[in-house]
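A.B. asks: Take a look at this one; I'll ask things after.
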Amino acid sequence: MNFMKNQAHLQKFPNLGQDVTIWPMAKIVFPEVIFIGDSVIIDDFVFIMGGKMTRIGSFVHIASFTSITGGGKLIMEDFTTLSSGVRLFTGNDDYLGGSLTNSTVPYPYRKPMRSFVRIKKHAIVGANSVILPEVTIGEGVAIGANSLIKRDCEPWTIYAGSPAKPIRPRPKEKILELETQLCQEVYDTNGNYIPINQRKKLDET
Ligand SMILES: CC(C)(COP(=O)(O)OP(=O)(O)OC[C@H]1O[C@@H](n2cnc3c(N)ncnc32)[C@H](O)[C@@H]1OP(=O)(O)O)[C@@H](O)C(=O)NCCC(=O)NCCS
């Protein structure tokens, strides 16, 4: 899993955990403001603009063709997923007519809003979804493919559609139980992450 780990292109990331795979055709701008936990995969053709700050937890996957832009702050907690083609914006132009728009226009003619997106533990965002700024996607949320997220999503709920609406609860007991079991395998008694090549194989225990 961590076969890309020692590649030179990872050296530009000062805040990197263990067992992190960033495929070489991912494009990441401002890596100095990006914090990445342990056991993370960022696929080829992902585009991330660090913005004010980007914090990616542990056991996170960002799949191909996803983009993260907008210049604000992003927090992806542990066990979160952005499927392929997600468009996540942490900031926005003024669409309602208060200023000129787009990156070519200087301040004060343009007044972009720099905001945040927070994705809480165990949330998964389906392919080609769009996440607009200033939303919190609650713990355990699943978002259907091709959805538009414009408002906060309540924990442990499945959402879908444009704009996304809740379609049913997402049971949490099994996911939390599996997390507990996995964490016993991958963290030592002091809570330190055990890299893959130092772990006992699951079938040896
Ligand atoms: C949201 C999702 C998980 C729901 O799965 P499900 O429980 O099998 O859903 P159902 O097919 O029973 O649909 C339930 C209702 O939601 C609607 N719905 C389901 N997915 C939808 C979507 N992505 N967008 C809009 N509506 C959706 C269905 O049309 C149905 O509506 P109805 O009750 O009016 O007929 C699934 O449809 C989905 O989008 N998964 C994302 C998969 C993905 O992106 N994978 C990428 C690789 S990880």
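Within each chain, counting starts at residue 1; across the structure tokens, chains are named A, B, ... in the order shown, with ligands numbered 1 upward in that order.
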Which residues are near range 38-54 of chain A? Cut-off 8 Å, only C-alpha atoms, ignore same chain within fewer than 4 positions. Put them as a PDB file with C-alpha atoms, in the first residue's frame.

C.D. replies:
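The file below, out-v8.pdb, is the result:
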ATOM      1  CA  LEU A  16       2.932  14.066   6.502  1.00  0.00           C
ATOM      2  CA  GLY A  17       1.991  10.945   8.479  1.00  0.00           C
ATOM      3  CA  GLN A  18       2.987   7.351   7.790  1.00  0.00           C
ATOM      4  CA  ASP A  19       1.694   5.025   5.082  1.00  0.00           C
ATOM      5  CA  VAL A  20       0.694   7.936   2.901  1.00  0.00           C
ATOM      6  CA  THR A  21       0.378   7.420  -0.838  1.00  0.00           C
ATOM      7  CA  ILE A  22       0.156  10.549  -2.963  1.00  0.00           C
ATOM      8  CA  TRP A  23       0.237   9.429  -6.548  1.00  0.00           C
ATOM      9  CA  PRO A  24       2.651  11.482  -8.635  1.00  0.00           C
ATOM     10  CA  MET A  25       0.050  12.959 -10.950  1.00  0.00           C
ATOM     11  CA  ALA A  26      -1.914  14.491  -8.104  1.00  0.00           C
ATOM     12  CA  LYS A  27      -1.414  18.260  -8.185  1.00  0.00           C
ATOM     13  CA  ILE A  28      -1.135  19.863  -4.782  1.00  0.00           C
ATOM     14  CA  VAL A  29      -0.638  23.596  -4.351  1.00  0.00           C
ATOM     15  CA  PHE A  30       0.637  25.126  -1.064  1.00  0.00           C
ATOM     16  CA  PRO A  31       1.619  21.813   0.564  1.00  0.00           C
ATOM     17  CA  GLU A  32       3.026  23.772   3.503  1.00  0.00           C
ATOM     18  CA  VAL A  33      -0.491  24.460   4.798  1.00  0.00           C
ATOM     19  CA  ILE A  34      -1.640  20.876   4.319  1.00  0.00           C
ATOM     20  CA  SER A  58      -6.068   9.250   9.042  1.00  0.00           C
ATOM     21  CA  PHE A  59      -7.607   6.474   6.923  1.00  0.00           C
ATOM     22  CA  VAL A  60      -8.719   8.978   4.314  1.00  0.00           C
ATOM     23  CA  HIS A  61      -9.067   8.405   0.567  1.00  0.00           C
ATOM     24  CA  ILE A  62      -9.379  11.185  -1.999  1.00  0.00           C
ATOM     25  CA  ALA A  63     -10.195   9.563  -5.319  1.00  0.00           C
ATOM     26  CA  SER A  64      -9.168  10.551  -8.839  1.00  0.00           C
ATOM     27  CA  PHE A  65     -10.469  13.722 -10.493  1.00  0.00           C
ATOM     28  CA  THR A  66     -11.584  15.264  -7.224  1.00  0.00           C
ATOM     29  CA  SER A  67     -10.751  18.931  -6.752  1.00  0.00           C
ATOM     30  CA  ILE A  68     -10.509  20.988  -3.575  1.00  0.00           C
ATOM     31  CA  THR A  69     -10.387  24.732  -4.163  1.00  0.00           C
ATOM     32  CA  GLY A  70     -11.768  28.006  -2.852  1.00  0.00           C
ATOM     33  CA  GLY A  71      -8.976  29.302  -0.627  1.00  0.00           C
ATOM     34  CA  GLY A  72     -10.654  28.587   2.718  1.00  0.00           C
ATOM     35  CA  LYS A  73     -10.200  25.917   5.336  1.00  0.00           C
ATOM     36  CA  LEU A  74     -10.901  22.203   4.921  1.00  0.00           C
ATOM     37  CA  ILE A  75     -11.040  19.615   7.672  1.00  0.00           C
ATOM     38  CA  TYR A 193      -0.041   4.523  14.757  1.00  0.00           C
TER      39      TYR A 193
END

A.B. asks: Determine which residues of range 22-166 of chain A receive a DSSP assignment of strand (DSSP E), computed from the backbone, and state them as a PyMOL selection string.

C.D. replies: chain A and resi 22+27-29+34-36+40-42+47-49+53-56+60-62+67-69+73-76+81-82+87-89+91-92+113-114+116-119+124-125+130-131+135-137+142-143+148-149+157-160+165-166

A.B. asks: Which chain A residues have any atom within 10 Å of an atom of ligand 1, and for each, what is the nearest pair of atoms with distance in Å to one decimal, counting only C-alpha atoms and all ligand atoms, rows sorted by chain and number, as CSV?

C.D. replies:
residue,atom,partner,partner_atom_place_in_ligand_line,distance
A:His61,CA,ligand 1,48 (S),9.9
A:Ala63,CA,ligand 1,48 (S),8.6
A:Thr81,CA,ligand 1,48 (S),8.0
A:Leu82,CA,ligand 1,48 (S),8.0
A:Ser83,CA,ligand 1,48 (S),5.2
A:Ser84,CA,ligand 1,46 (C),6.6
A:Gly85,CA,ligand 1,46 (C),9.2
A:Val86,CA,ligand 1,44 (O),9.4
A:Ile124,CA,ligand 1,48 (S),7.9
A:Val125,CA,ligand 1,44 (O),6.9
A:Gly126,CA,ligand 1,44 (O),3.3
A:Ala127,CA,ligand 1,44 (O),3.9
A:Asn128,CA,ligand 1,44 (O),7.3
A:Ser129,CA,ligand 1,44 (O),8.1
A:Ala142,CA,ligand 1,3 (C),6.6
A:Ile143,CA,ligand 1,1 (C),5.8
A:Gly144,CA,ligand 1,39 (O),3.2
A:Ala145,CA,ligand 1,23 (N),3.9
A:Asn146,CA,ligand 1,23 (N),5.5
A:Ser147,CA,ligand 1,24 (N),5.9
A:Leu148,CA,ligand 1,24 (N),9.2
A:Ile158,CA,ligand 1,1 (C),6.3
A:Tyr159,CA,ligand 1,1 (C),6.2
A:Ala160,CA,ligand 1,24 (N),4.5
A:Gly161,CA,ligand 1,25 (C),3.7
A:Ser162,CA,ligand 1,25 (C),7.0
A:Pro163,CA,ligand 1,25 (C),9.1
A:Ala164,CA,ligand 1,25 (C),7.6
A:Lys165,CA,ligand 1,26 (N),8.6
A:Pro166,CA,ligand 1,16 (O),8.8
A:Ile167,CA,ligand 1,16 (O),6.0
A:Arg168,CA,ligand 1,7 (O),7.9
A:Pro169,CA,ligand 1,7 (O),10.0
A:Arg170,CA,ligand 1,3 (C),9.6

A.B. asks: Figure out the distance between CA of Asp93 in chain A and CA of Met113 in chain A, please, to one decimal in Å.

C.D. replies: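 Spanning CA of Met113 in chain A to CA of Asp93 in chain A is a straight-line distance of 6.2 Å.
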
A.B. asks: Check the smallest atom-to-atom distance from each of A:Asp78, A:Glu139, A:Glu134, A:Glu179 to Val117 in chain A using only C-alpha atoms, then report the winner.

C.D. replies: A:Glu134

A.B. asks: Record the distance separating CA of Asn15 in chain A and CA of Arg55 in chain A, expressed in Å with one decimal.

C.D. replies: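 CA of Arg55 in chain A lies 9.7 Å from CA of Asn15 in chain A.
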
A.B. asks: In Å, rounded to a single decimal, give me how far CA of Leu88 in chain A is from CA of Leu132 in chain A.

C.D. replies: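 Atom-to-atom, CA of Leu132 in chain A to CA of Leu88 in chain A, that is 6.3 Å.
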
A.B. asks: Can you tell me, as JSON, numbers by chain, what residues are no more than 12 Å from Asp188 in chain A when counting only C-alpha atoms, ignoring any on the same chain fewer than 5 positions away?

C.D. replies: {"A": [182, 183, 193, 194, 195, 198, 199, 200]}

A.B. asks: Nearest residue to Arg114 in chain A out of A:Tyr95, A:Trp156, A:Leu176, A:Thr90, using only C-alpha atoms?

C.D. replies: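 When distances to Arg114 in chain A are compared using only C-alpha atoms, the smallest one comes from A:Thr90.
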